[in-house]
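K.L.:
Data: my_file-v5.txt, compact mmCIF, C-alpha atoms.
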```txt
# COMPACT_ATOMS: atom_id res chain seq x y z
CA MET A 1 101.77 104.11 143.46
CA VAL A 2 103.32 104.66 140.02
CA ILE A 3 101.50 107.03 137.67
CA ALA A 4 102.51 107.32 134.00
CA PHE A 5 101.45 110.70 132.62
CA ILE A 6 101.16 111.32 128.85
CA PRO A 7 100.33 114.93 127.87
CA VAL A 8 98.95 115.18 124.32
CA ARG A 9 97.51 118.34 122.78
CA GLY A 10 95.17 118.44 119.82
CA GLY A 11 96.69 121.65 118.44
CA SER A 12 99.95 120.50 116.87
CA LYS A 13 100.73 122.83 113.95
CA SER A 14 103.60 120.99 112.22
CA ILE A 15 101.61 117.72 112.00
CA PRO A 16 97.86 118.25 112.65
CA LEU A 17 96.51 115.87 115.32
CA LYS A 18 99.83 114.04 115.18
CA ASN A 19 99.22 112.24 118.47
CA ILE A 20 96.51 110.09 116.87
CA LYS A 21 97.85 110.03 113.32
CA PRO A 22 98.56 106.41 112.28
CA PHE A 23 102.18 105.53 112.97
CA CYS A 24 103.16 102.09 111.62
CA GLY A 25 99.45 101.28 111.49
CA LYS A 26 98.51 102.47 114.97
CA PRO A 27 97.66 105.92 116.47
CA LEU A 28 100.93 107.47 117.66
CA VAL A 29 99.92 107.83 121.31
CA CYS A 30 98.88 104.16 121.50
CA TRP A 31 102.46 102.89 121.20
CA ASN A 32 103.46 104.33 124.58
CA ILE A 33 100.12 103.47 126.18
CA GLU A 34 100.41 99.82 125.17
CA ALA A 35 104.03 99.58 126.32
CA LEU A 36 102.94 101.00 129.69
CA GLU A 37 99.90 98.70 129.88
CA GLN A 38 102.34 95.78 129.77
CA CYS A 39 104.59 97.27 132.47
CA LYS A 40 103.69 95.60 135.79
CA GLU A 41 105.32 98.40 137.79
CA VAL A 42 102.90 101.03 136.44
CA ASP A 43 99.60 101.28 138.32
CA GLU A 44 97.81 103.99 136.34
CA ILE A 45 98.23 105.67 132.97
CA ILE A 46 96.85 109.17 132.48
CA VAL A 47 96.41 110.70 129.03
CA ALA A 48 96.02 114.45 129.53
CA THR A 49 94.39 116.07 126.52
CA ASP A 50 92.20 118.93 125.38
CA SER A 51 91.01 117.08 122.27
CA ASP A 52 87.75 115.14 122.00
CA LYS A 53 89.16 113.23 119.02
CA ILE A 54 92.19 112.09 121.01
CA GLU A 55 89.94 111.08 123.91
CA GLU A 56 87.68 109.07 121.59
CA THR A 57 90.68 107.29 120.10
CA VAL A 58 92.11 106.34 123.50
CA VAL A 59 88.79 105.29 125.05
CA SER A 60 87.91 103.14 122.03
CA GLN A 61 90.92 100.92 122.72
CA ALA A 62 89.41 99.70 126.03
CA TYR A 63 92.73 99.77 127.88
CA LYS A 64 92.78 98.41 131.42
CA LYS A 65 94.96 100.95 133.26
CA THR A 66 94.48 104.03 131.09
CA LYS A 67 92.28 107.02 131.91
CA VAL A 68 91.76 110.35 130.16
CA TYR A 69 92.19 113.66 131.99
CA HIS A 70 90.75 116.84 130.45
CA ARG A 71 93.51 119.42 130.72
CA SER A 72 92.55 123.08 130.87
CA ALA A 73 92.66 125.26 127.75
CA GLU A 74 95.19 127.49 129.51
CA ASN A 75 97.63 124.58 129.83
CA ALA A 76 97.00 123.29 126.31
CA CYS A 77 97.99 126.40 124.36
CA ASP A 78 101.18 126.76 122.31
CA THR A 79 103.00 128.66 125.07
CA ALA A 80 102.05 126.34 127.96
CA SER A 81 104.86 124.23 129.43
CA THR A 82 104.63 120.51 130.08
CA GLU A 83 105.27 121.27 133.75
CA SER A 84 102.14 123.41 133.88
CA VAL A 85 99.83 120.52 132.94
CA MET A 86 101.75 118.13 135.22
CA LEU A 87 101.21 120.45 138.17
CA GLU A 88 97.58 121.02 137.18
CA TYR A 89 96.87 117.30 137.27
CA ILE A 90 98.84 116.66 140.48
CA ARG A 91 97.01 119.43 142.32
CA TYR A 92 93.62 118.55 140.89
CA THR A 93 93.86 114.90 141.93
CA GLN A 94 95.75 115.62 145.17
CA LEU A 95 98.25 112.83 144.62
CA ASN A 96 100.28 111.52 147.53
CA GLU A 97 103.70 113.18 147.75
CA ASP A 98 105.38 109.76 147.80
CA ASP A 99 103.71 108.62 144.57
CA ILE A 100 106.08 108.08 141.66
CA PHE A 101 105.23 110.28 138.69
CA MET A 102 106.57 109.29 135.27
CA LEU A 103 106.21 111.84 132.48
CA VAL A 104 106.04 109.99 129.15
CA GLN A 105 106.32 111.70 125.75
CA ALA A 106 104.08 110.33 122.98
CA THR A 107 106.55 111.73 120.44
CA SER A 108 108.98 108.95 121.38
CA PRO A 109 107.05 105.87 120.17
CA LEU A 110 110.08 103.55 120.13
CA THR A 111 110.07 103.36 123.94
CA GLU A 112 109.33 99.77 124.95
CA THR A 113 108.03 98.11 128.11
CA LEU A 114 111.55 96.95 128.95
CA HIS A 115 112.79 100.55 129.08
CA PHE A 116 110.06 101.61 131.53
CA THR A 117 110.64 98.53 133.68
CA GLU A 118 114.40 98.94 133.88
CA ALA A 119 114.23 102.66 134.64
CA LEU A 120 111.63 102.18 137.40
CA ASP A 121 113.76 99.39 138.87
CA MET A 122 116.74 101.77 138.82
CA TYR A 123 114.66 104.45 140.56
CA SER A 124 113.36 102.04 143.20
CA LYS A 125 116.87 101.55 144.56
CA GLY A 126 116.66 105.05 146.09
CA GLU A 127 119.96 106.34 144.75
CA TYR A 128 118.41 109.19 142.74
CA ASP A 129 115.73 111.81 143.37
CA SER A 130 114.74 111.86 139.70
CA ILE A 131 115.69 110.18 136.44
CA LEU A 132 115.77 111.20 132.78
CA THR A 133 116.42 109.20 129.64
CA CYS A 134 119.40 109.80 127.37
CA VAL A 135 121.17 108.25 124.40
CA ARG A 136 124.90 108.22 123.82
CA ASN A 137 125.86 110.54 120.98
CA TYR A 138 129.16 109.99 119.18
CA ARG A 139 129.19 113.26 117.25
CA PHE A 140 131.89 115.89 117.74
CA PHE A 141 130.57 119.26 118.98
CA TRP A 142 132.01 122.74 118.68
CA ASN A 143 131.56 126.06 120.44
CA GLU A 144 130.70 129.19 118.48
CA ASP A 145 134.15 130.61 119.18
CA GLY A 146 135.75 127.81 117.15
CA THR A 147 136.89 125.65 120.06
CA SER A 148 136.03 121.98 120.24
CA MET A 149 133.56 121.06 122.95
CA ASN A 150 134.00 117.34 123.53
CA TYR A 151 137.23 116.21 121.87
CA ASP A 152 140.76 117.24 120.96
CA TYR A 153 140.73 117.92 117.22
CA GLU A 154 144.51 117.53 117.08
CA ASN A 155 144.11 113.97 118.34
CA ARG A 156 140.84 112.97 116.74
CA PRO A 157 139.72 109.72 118.44
CA ARG A 158 138.31 106.73 116.61
CA ARG A 159 134.63 106.04 117.38
CA GLN A 160 135.45 102.81 119.23
CA ASN A 161 137.79 104.79 121.52
CA PHE A 162 135.39 107.71 122.02
CA SER A 163 132.93 107.59 124.92
CA GLY A 164 130.67 110.20 123.34
CA MET A 165 128.22 112.47 125.15
CA LEU A 166 124.89 111.73 126.77
CA MET A 167 122.03 113.50 124.98
CA GLU A 168 118.55 113.89 126.45
CA ASN A 169 116.13 112.06 124.13
CA GLY A 170 112.89 113.17 125.81
CA ALA A 171 111.37 109.69 126.07
CA PHE A 172 110.37 109.84 129.75
CA TYR A 173 111.23 111.29 133.16
CA ILE A 174 110.71 109.88 136.67
CA ASN A 175 110.30 111.84 139.90
CA LYS A 176 108.29 111.87 143.12
CA VAL A 177 105.14 113.97 143.31
CA GLY A 178 106.52 115.83 146.34
CA ASN A 179 109.69 116.76 144.49
CA ILE A 180 107.71 118.07 141.50
CA LEU A 181 105.53 120.21 143.76
CA ASP A 182 108.58 121.63 145.55
CA SER A 183 110.65 122.37 142.45
CA GLY A 184 107.94 122.95 139.85
CA ASN A 185 110.03 120.82 137.51
CA ARG A 186 110.05 117.29 136.07
CA LEU A 187 113.63 116.89 137.35
CA SER A 188 115.10 117.79 140.71
CA GLY A 189 117.69 116.84 143.33
CA HIS A 190 120.22 114.13 142.56
CA ILE A 191 119.47 113.26 138.92
CA GLY A 192 120.15 109.82 137.47
CA ILE A 193 120.41 108.87 133.80
CA TYR A 194 118.79 105.84 132.20
CA GLU A 195 120.60 105.22 128.93
CA MET A 196 118.46 104.09 126.01
CA PRO A 197 119.51 102.65 122.62
CA GLU A 198 120.94 105.10 120.10
CA TYR A 199 118.00 104.55 117.71
CA THR A 200 115.63 106.21 120.22
CA ALA A 201 117.37 109.58 119.87
CA THR A 202 114.79 111.20 117.56
CA GLU A 203 111.47 112.71 118.67
CA ILE A 204 108.61 113.39 116.26
CA ASP A 205 108.31 117.13 115.72
CA GLU A 206 108.34 117.51 111.93
CA PRO A 207 107.03 115.41 109.00
CA ASP A 208 110.55 114.22 108.16
CA ASP A 209 110.93 112.86 111.70
CA TRP A 210 107.83 110.74 111.07
CA ILE A 211 109.41 109.04 108.06
CA VAL A 212 112.69 108.39 109.88
CA LEU A 213 111.04 107.00 113.00
CA GLU A 214 108.66 104.70 111.12
CA ASN A 215 111.68 103.08 109.47
CA LEU A 216 113.48 102.81 112.82
CA MET A 217 110.34 101.33 114.40
CA ARG A 218 110.15 98.61 111.75
CA LYS A 219 113.83 97.80 112.05
CA HIS A 220 114.36 97.86 115.81
CA VAL A 221 110.95 97.17 117.40
CA LEU A 222 108.51 95.53 115.01
CA SER A 223 111.13 93.16 113.60
CA LYS A 224 111.54 91.62 117.07
CA ARG A 225 107.79 91.13 117.37
CA LYS A 226 107.69 89.56 113.93
CA GLU A 227 110.29 87.02 115.02
CA ALA A 228 108.24 86.25 118.12
CA ARG A 229 105.12 85.67 116.02
CA LYS A 230 107.00 83.30 113.76
CA SER A 231 107.33 80.91 116.70
CA ILE A 232 103.55 80.37 116.99
CA LYS A 233 102.79 76.95 115.55
CA LEU A 234 99.41 76.20 117.12
CA PHE A 235 96.28 78.32 117.53
CA LEU A 236 93.73 77.15 120.12
CA CYS A 237 90.32 78.62 120.78
CA ASP A 238 87.46 78.36 123.27
CA VAL A 239 83.85 78.20 122.00
CA ASP A 240 81.12 79.63 124.25
CA GLY A 241 81.71 83.34 124.82
CA THR A 242 84.60 83.36 122.33
CA LEU A 243 83.60 81.82 119.00
CA THR A 244 80.00 82.49 120.06
CA ASP A 245 78.32 85.28 122.02
CA GLY A 246 77.74 82.87 124.91
CA GLY A 247 74.00 82.78 124.29
CA MET A 248 71.94 79.59 124.39
CA TYR A 249 69.23 79.61 121.72
CA TYR A 250 66.26 77.19 121.71
CA SER A 251 63.53 76.58 119.15
CA GLU A 252 59.91 75.83 120.09
CA ASN A 253 60.78 72.14 119.84
CA GLY A 254 63.60 72.56 122.35
CA ASP A 255 66.39 72.31 119.77
CA GLU A 256 69.53 74.10 120.88
CA SER A 257 71.53 76.38 118.59
CA LYS A 258 74.58 78.65 118.78
CA LYS A 259 75.51 81.75 116.78
CA PHE A 260 78.97 81.85 115.17
CA ASN A 261 80.68 84.63 113.22
CA THR A 262 81.69 84.10 109.59
CA ARG A 263 84.65 86.47 109.90
CA ASP A 264 86.14 84.18 112.54
CA GLY A 265 85.82 81.35 110.02
CA MET A 266 87.92 83.23 107.48
CA GLY A 267 90.50 83.73 110.22
CA PHE A 268 90.94 79.97 110.57
CA GLN A 269 91.47 79.75 106.82
CA LEU A 270 94.18 82.42 107.05
CA LEU A 271 95.93 80.40 109.75
CA ARG A 272 95.88 77.28 107.58
CA GLU A 273 97.35 79.23 104.70
CA ALA A 274 100.12 80.45 107.04
CA GLY A 275 100.92 76.86 108.04
CA ILE A 276 99.70 77.23 111.64
CA LYS A 277 97.78 74.29 113.13
CA THR A 278 94.40 75.05 114.70
CA GLY A 279 92.29 73.54 117.44
CA ILE A 280 89.12 74.03 119.48
CA ILE A 281 88.89 73.11 123.15
CA THR A 282 85.52 73.32 124.92
CA SER A 283 83.97 71.94 128.09
CA GLU A 284 80.68 71.36 126.23
CA ASP A 285 80.06 68.31 124.04
CA THR A 286 77.62 69.07 121.23
CA LYS A 287 77.00 68.12 117.62
CA ILE A 288 76.77 71.84 116.85
CA VAL A 289 80.43 72.43 117.73
CA GLU A 290 81.47 69.28 115.91
CA ASN A 291 79.77 70.52 112.76
CA ARG A 292 81.32 73.97 113.13
CA ALA A 293 84.78 72.45 113.62
CA LYS A 294 84.37 70.45 110.40
CA LYS A 295 83.33 73.62 108.58
CA LEU A 296 86.40 75.42 109.90
CA LYS A 297 88.62 72.42 109.05
CA VAL A 298 90.39 72.60 112.41
CA ASP A 299 93.18 70.12 113.04
CA PHE A 300 92.14 69.30 116.61
CA LEU A 301 88.75 69.22 118.35
CA TYR A 302 88.39 68.38 122.02
CA GLN A 303 84.94 68.48 123.61
CA GLY A 304 83.62 67.55 127.03
CA LYS A 305 85.27 67.41 130.43
CA ARG A 306 88.69 65.78 130.52
CA ASN A 307 91.06 65.06 133.37
CA GLY A 308 93.36 68.04 133.85
CA GLY A 309 91.09 70.44 131.96
CA LYS A 310 92.07 72.50 128.95
CA LEU A 311 95.72 72.70 129.93
CA ALA A 312 96.06 68.92 129.82
CA VAL A 313 94.48 68.90 126.36
CA ALA A 314 96.88 71.58 125.12
CA LYS A 315 99.86 69.64 126.47
CA GLU A 316 98.61 66.52 124.69
CA VAL A 317 98.38 68.38 121.38
CA CYS A 318 101.82 69.93 121.88
CA THR A 319 103.27 66.46 122.43
CA GLN A 320 101.72 65.25 119.19
CA LEU A 321 103.20 68.21 117.30
CA SER A 322 106.56 68.14 119.15
CA ILE A 323 106.19 71.81 120.17
CA THR A 324 106.12 73.70 123.47
CA LEU A 325 103.37 75.79 125.07
CA ASP A 326 105.44 78.90 124.22
CA GLU A 327 104.57 78.17 120.59
CA VAL A 328 100.81 78.21 121.28
CA ALA A 329 98.35 81.12 120.95
CA TYR A 330 95.08 80.78 122.86
CA ILE A 331 91.95 82.92 123.25
CA GLY A 332 89.38 82.26 125.96
CA ASP A 333 86.89 84.18 128.06
CA ASP A 334 86.16 82.54 131.42
CA ILE A 335 87.80 81.21 134.57
CA ASN A 336 88.14 77.68 133.17
CA CYS A 337 90.46 79.18 130.53
CA ILE A 338 92.86 80.85 132.99
CA GLU A 339 95.07 77.84 133.66
CA LEU A 340 95.85 77.50 129.96
CA LEU A 341 96.06 81.24 129.33
CA GLU A 342 98.75 81.56 132.00
CA VAL A 343 101.24 79.32 130.18
CA VAL A 344 100.81 79.89 126.43
CA GLY A 345 103.10 82.07 124.31
CA ILE A 346 100.42 84.58 123.30
CA LYS A 347 97.10 84.96 125.12
CA ALA A 348 93.97 86.95 124.38
CA CYS A 349 90.35 87.33 125.43
CA PRO A 350 87.17 88.95 124.06
CA ALA A 351 86.22 92.47 125.14
CA ASP A 352 83.42 91.03 127.30
CA ALA A 353 85.48 88.30 128.99
CA CYS A 354 85.13 87.91 132.76
CA GLU A 355 87.17 90.41 134.77
CA SER A 356 89.54 87.81 136.23
CA VAL A 357 90.61 86.93 132.69
CA LYS A 358 90.92 90.54 131.51
CA ASP A 359 93.05 91.35 134.57
CA MET A 360 95.66 88.73 133.71
CA SER A 361 99.19 89.97 133.08
CA CYS A 362 100.17 90.48 129.41
CA ILE A 363 96.80 89.37 128.07
CA ARG A 364 95.55 91.04 124.91
CA VAL A 365 91.99 92.25 125.38
CA MET A 366 90.32 92.40 121.98
CA LYS A 367 88.12 95.31 120.90
CA ASN A 368 85.39 92.90 119.76
CA LYS A 369 83.16 90.79 121.98
CA GLY A 370 82.66 87.04 121.90
CA GLY A 371 80.91 85.94 118.70
CA LYS A 372 81.44 89.42 117.24
CA GLY A 373 84.76 88.84 115.49
CA CYS A 374 87.19 88.77 118.43
CA VAL A 375 88.81 85.54 117.19
CA ARG A 376 89.44 87.02 113.74
CA GLU A 377 90.86 90.13 115.40
CA PHE A 378 93.31 88.04 117.42
CA ILE A 379 94.29 85.97 114.39
CA GLU A 380 95.04 89.12 112.42
CA GLU A 381 97.27 90.38 115.24
CA ILE A 382 99.23 87.16 115.12
CA LEU A 383 99.59 87.21 111.34
CA LYS A 384 99.98 90.98 110.84
```
Would you mind writing the file's structure down as structure tokens?
P.N.:
Amino acid sequence: MVIAFIPVRGGSKSIPLKNIKPFCGKPLVCWNIEALEQCKEVDEIIVATDSDKIEETVVSQAYKKTKVYHRSAENACDTASTESVMLEYIRYTQLNEDDIFMLVQATSPLTETLHFTEALDMYSKGEYDSILTCVRNYRFFWNEDGTSMNYDYENRPRRQNFSGMLMENGAFYINKVGNILDSGNRLSGHIGIYEMPEYTATEIDEPDDWIVLENLMRKHVLSKRKEARKSIKLFLCDVDGTLTDGGMYYSENGDESKKFNTRDGMGFQLLREAGIKTGIITSEDTKIVENRAKKLKVDFLYQGKRNGGKLAVAKEVCTQLSITLDEVAYIGDDINCIELLEVVGIKACPADACESVKDMSCIRVMKNKGGKGCVREFIEEILK
């Protein structure tokens, strides 16, 4: 079992409640949580905090693998070590000694899923007892006695000929539970180094660090996501349980009705303005949906059962537009959506989708329920 452990106190003095302060539009601690949520190798994510506000922020996100642990006041004070809360949690939960324990620092928000995956793969090979993350630093260092530490000043090397020094960046550490209990430390035994990009060198401790890291986040992390979003050329959506709350409403005369959300409608308009084609695919065949589709001005409407299901419909639309399924975003809520969700470029589901959908790898579970604005929420993520 792989446990990712994120200790976050509420008592930061340099930046009050910094762990939930918005960083590039999202609470700081959420960046690491979401990167870990997407890491298949991680089984459980534990946020250890003494703050009710931090707990409320984390719980409100409705993450799938993340739980909150209430750390003791003794291990949340200014003088408490990170090791003290690690050991508190390990002993309290009586973890198996062979479990892999990964300490993750919320103050390093530029850590991505790829970094966690690669480091855990490195650890799984059994060559090291523990692993820490470092960046390569190309600065020249000196001792207090005036002697150079890492280079010959009489033969100053050019940067391209200088191997530099490895500097601990504090992003995360990997060890076995048994090793941590024996040593009382996050690192022990034969230590391996996972080298991260140079831009991940800074941790957030002071207000100036915040400014620097937000700029680095936009340049090195968010810019890549922006490029990925640019490739989405078609937005597809389910109806019952997604555009609606899944309810079936009948009048005294037996007339059927459905309840839609106006905010979702504005989302479709935003997609049109961004030049992204839109479509609705539903197993039902009703005049209600036809009328709603006209109101939304969708480019494609497919109703009723078709051979091959929703995936076949999506492939047909992609052929018409000369695009691939990687360029499609789709949101659906039930098992008949899974086949299509598995192959599109970006997938999402409402907060109240069936569990088999919410458990899918890399799916984005919206905060809102079906018919309550979940489609608009997803659209805004794509366009943000």
K.L.:
Which value, in Å to one decimal, gives the distance between atom CA of Asn368 of chain A and atom CA of Gly246 of chain A?
P.N.:
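So the two atoms, atom CA of Asn368 of chain A and atom CA of Gly246 of chain A, lie 13.6 Å apart.
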K.L.:
When distances are computed from only C-alpha atoms, which of A:Asp240, A:Glu112, A:Glu97, A:Glu377 shows the smallest separation from Cys337 of chain A?
P.N.:
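Comparing A:Asp240, A:Glu112, A:Glu97, A:Glu377 against Cys337 of chain A, the winner is A:Asp240.
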K.L.:
Identify the residues around (99.8, 117.4, 124.1) within a radius of 8 Å, measuring from all atoms listed in the file in the coordinates stated by the file, and give them as a ChimeraX atom specification.
P.N.:
/A:6-12,19,48-50,76
K.L.:
Between atom CA of Asn32 of chain A and atom CA of Glu198 of chain A, what is the distance, to one decimal in Å?
P.N.:
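Computing it gives 18.1 Å between the two atoms.
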K.L.:
Have a look at atom CA of Glu203 of chain A and atom CA of Arg158 of chain A and let me know their distance in Å, one decimal.
P.N.:
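Atom CA of Glu203 of chain A sits 27.6 Å away from atom CA of Arg158 of chain A.
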K.L.:
For Val344 of chain A, which of A:Arg292, A:Lys233, A:Lys277, A:Lys358 is the closest residue, counting only C-alpha atoms?
P.N.:
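Using only C-alpha atoms, Val344 of chain A sits closest to A:Lys233.
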K.L.:
Pick out the closest residue to Arg91 of chain A from this set: A:Phe260, A:Lys26, A:Met122, A:Gly178. Count all atoms listed in the file.
P.N.:
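Result for the nearest residue to Arg91 of chain A: A:Gly178.
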K.L.:
Show me, as a list in words, the residues that have an atom within 12 Å of segment 206-212 of chain A when counting only C-alpha atoms, minus same-chain residues fewer than 2 positions from it.
P.N.:
Ser12, Lys13, Ser14, Ile15, Pro16, Lys18, Asn19, Lys21, Pro22, Phe23, Cys24, Leu28, Thr107, Ser108, Pro109, Leu110, Tyr199, Thr200, Ala201, Thr202, Glu203, Ile204, Glu214, Asn215, Leu216, Met217, Arg218 and Lys219 of chain A
K.L.:
Check the smallest atom-to-atom distance from each of A:Gln94, A:Ser361, A:Ser231, A:Asn143 to Thr324 of chain A using all atoms listed in the file, then report the winner.
P.N.:
A:Ser231
